[in-house]
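Okay, so here's the structure we're looking at.
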Amino acid sequence: MFHIISNTPWPNICIVACTHGNETAGIKVFEELMREGIGKKVKKGSLRLLVSNISTFYSTLYR
């Protein structure tokens with residue numbers, strides 16, 4: 001999980017990717033957010049980027 005916290009308590013957002021393990025779009029979105037510097041753009045509240053089923057995701061990639 002990647003967690004970004006600002007100086008204000010809300011809003012709090014959590015984006016979940018890879019729930020079933022075989023979806024790759026969410027991971028690609030997370031990579032793009034990181035590349036674009038999302039950590040510096042969160043001005044209020046917090047943002048969590050959560051990969052919920054990473055073991056299945058990796059096993060799908062390396063079959």
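In the structure tokens, the first chain shown is A, the next is B, and so on; residue numbers restart at 1 for each chain, and ligands run from 1 in the order shown.
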
For this session: Write out as a ChimeraX atom specification all residues of chain A that DSSP puts in strand (DSSP E or B) for this structure's backbone.
Result: /A:2-5,12-17,46-51

Keeping N, CA and C atoms for every residue in the selection just given, could you write it to a file as a PDB file, in the first residue's frame?
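Result file result23.pdb:
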ATOM      1  N   PHE A   2       0.483   2.205  -0.760  1.00  0.00           N
ATOM      2  CA  PHE A   2       1.139   3.499  -0.809  1.00  0.00           C
ATOM      3  C   PHE A   2       0.182   4.486  -0.163  1.00  0.00           C
ATOM      4  N   HIS A   3       0.632   5.225   0.842  1.00  0.00           N
ATOM      5  CA  HIS A   3      -0.242   6.098   1.607  1.00  0.00           C
ATOM      6  C   HIS A   3       0.338   7.509   1.601  1.00  0.00           C
ATOM      7  N   ILE A   4      -0.451   8.467   1.136  1.00  0.00           N
ATOM      8  CA  ILE A   4      -0.058   9.871   1.087  1.00  0.00           C
ATOM      9  C   ILE A   4      -0.949  10.629   2.070  1.00  0.00           C
ATOM     10  N   ILE A   5      -0.347  11.399   2.952  1.00  0.00           N
ATOM     11  CA  ILE A   5      -1.103  12.141   3.961  1.00  0.00           C
ATOM     12  C   ILE A   5      -0.773  13.629   3.839  1.00  0.00           C
ATOM     13  N   ASN A  12     -10.608  11.394   2.750  1.00  0.00           N
ATOM     14  CA  ASN A  12      -9.729  10.232   2.700  1.00  0.00           C
ATOM     15  C   ASN A  12     -10.213   9.314   1.588  1.00  0.00           C
ATOM     16  N   ILE A  13      -9.314   8.960   0.695  1.00  0.00           N
ATOM     17  CA  ILE A  13      -9.668   8.150  -0.474  1.00  0.00           C
ATOM     18  C   ILE A  13      -8.758   6.933  -0.531  1.00  0.00           C
ATOM     19  N   CYS A  14      -9.345   5.788  -0.826  1.00  0.00           N
ATOM     20  CA  CYS A  14      -8.572   4.566  -1.039  1.00  0.00           C
ATOM     21  C   CYS A  14      -8.969   4.005  -2.406  1.00  0.00           C
ATOM     22  N   ILE A  15      -7.983   3.779  -3.251  1.00  0.00           N
ATOM     23  CA  ILE A  15      -8.224   3.184  -4.566  1.00  0.00           C
ATOM     24  C   ILE A  15      -7.624   1.778  -4.534  1.00  0.00           C
ATOM     25  N   VAL A  16      -8.433   0.786  -4.879  1.00  0.00           N
ATOM     26  CA  VAL A  16      -8.014  -0.609  -4.814  1.00  0.00           C
ATOM     27  C   VAL A  16      -7.830  -1.153  -6.227  1.00  0.00           C
ATOM     28  N   ALA A  17      -6.723  -1.839  -6.433  1.00  0.00           N
ATOM     29  CA  ALA A  17      -6.452  -2.478  -7.725  1.00  0.00           C
ATOM     30  C   ALA A  17      -6.196  -3.959  -7.504  1.00  0.00           C
ATOM     31  N   SER A  46      -6.159  12.342   2.629  1.00  0.00           N
ATOM     32  CA  SER A  46      -5.171  11.309   2.347  1.00  0.00           C
ATOM     33  C   SER A  46      -5.601  10.464   1.161  1.00  0.00           C
ATOM     34  N   LEU A  47      -4.641   9.829   0.562  1.00  0.00           N
ATOM     35  CA  LEU A  47      -4.871   8.935  -0.573  1.00  0.00           C
ATOM     36  C   LEU A  47      -4.110   7.652  -0.321  1.00  0.00           C
ATOM     37  N   ARG A  48      -4.803   6.534  -0.436  1.00  0.00           N
ATOM     38  CA  ARG A  48      -4.173   5.221  -0.327  1.00  0.00           C
ATOM     39  C   ARG A  48      -4.343   4.494  -1.646  1.00  0.00           C
ATOM     40  N   LEU A  49      -3.252   3.933  -2.136  1.00  0.00           N
ATOM     41  CA  LEU A  49      -3.282   3.091  -3.329  1.00  0.00           C
ATOM     42  C   LEU A  49      -2.993   1.671  -2.846  1.00  0.00           C
ATOM     43  N   LEU A  50      -3.964   0.795  -2.948  1.00  0.00           N
ATOM     44  CA  LEU A  50      -3.881  -0.540  -2.366  1.00  0.00           C
ATOM     45  C   LEU A  50      -3.958  -1.612  -3.447  1.00  0.00           C
ATOM     46  N   VAL A  51      -2.981  -2.493  -3.466  1.00  0.00           N
ATOM     47  CA  VAL A  51      -3.017  -3.678  -4.334  1.00  0.00           C
ATOM     48  C   VAL A  51      -3.478  -4.817  -3.442  1.00  0.00           C
TER      49      VAL A  51
END

Problem set entry | Residues within 7 Å of Gly45 (chain A), only C-alpha atoms, excluding chain neighbours under 6 positions, as a ChimeraX atom specification | /A:5-6,8-12

Seminar exercise, completed: Atom pair CA of Ser52 (chain A) + CA of Gly39 (chain A), distance 20.2 Å

Problem set entry | Expected answer as a list of chain:residue names: alpha helix (DSSP H) residues in chain A | A:Ala25, A:Gly26, A:Ile27, A:Lys28, A:Val29, A:Phe30, A:Glu31, A:Glu32, A:Leu33, A:Met34, A:Arg35, A:Ile38, A:Gly39, A:Lys40, A:Lys41, A:Ile54, A:Ser55, A:Thr56, A:Phe57, A:Tyr58, A:Ser59, A:Thr60, A:Leu61
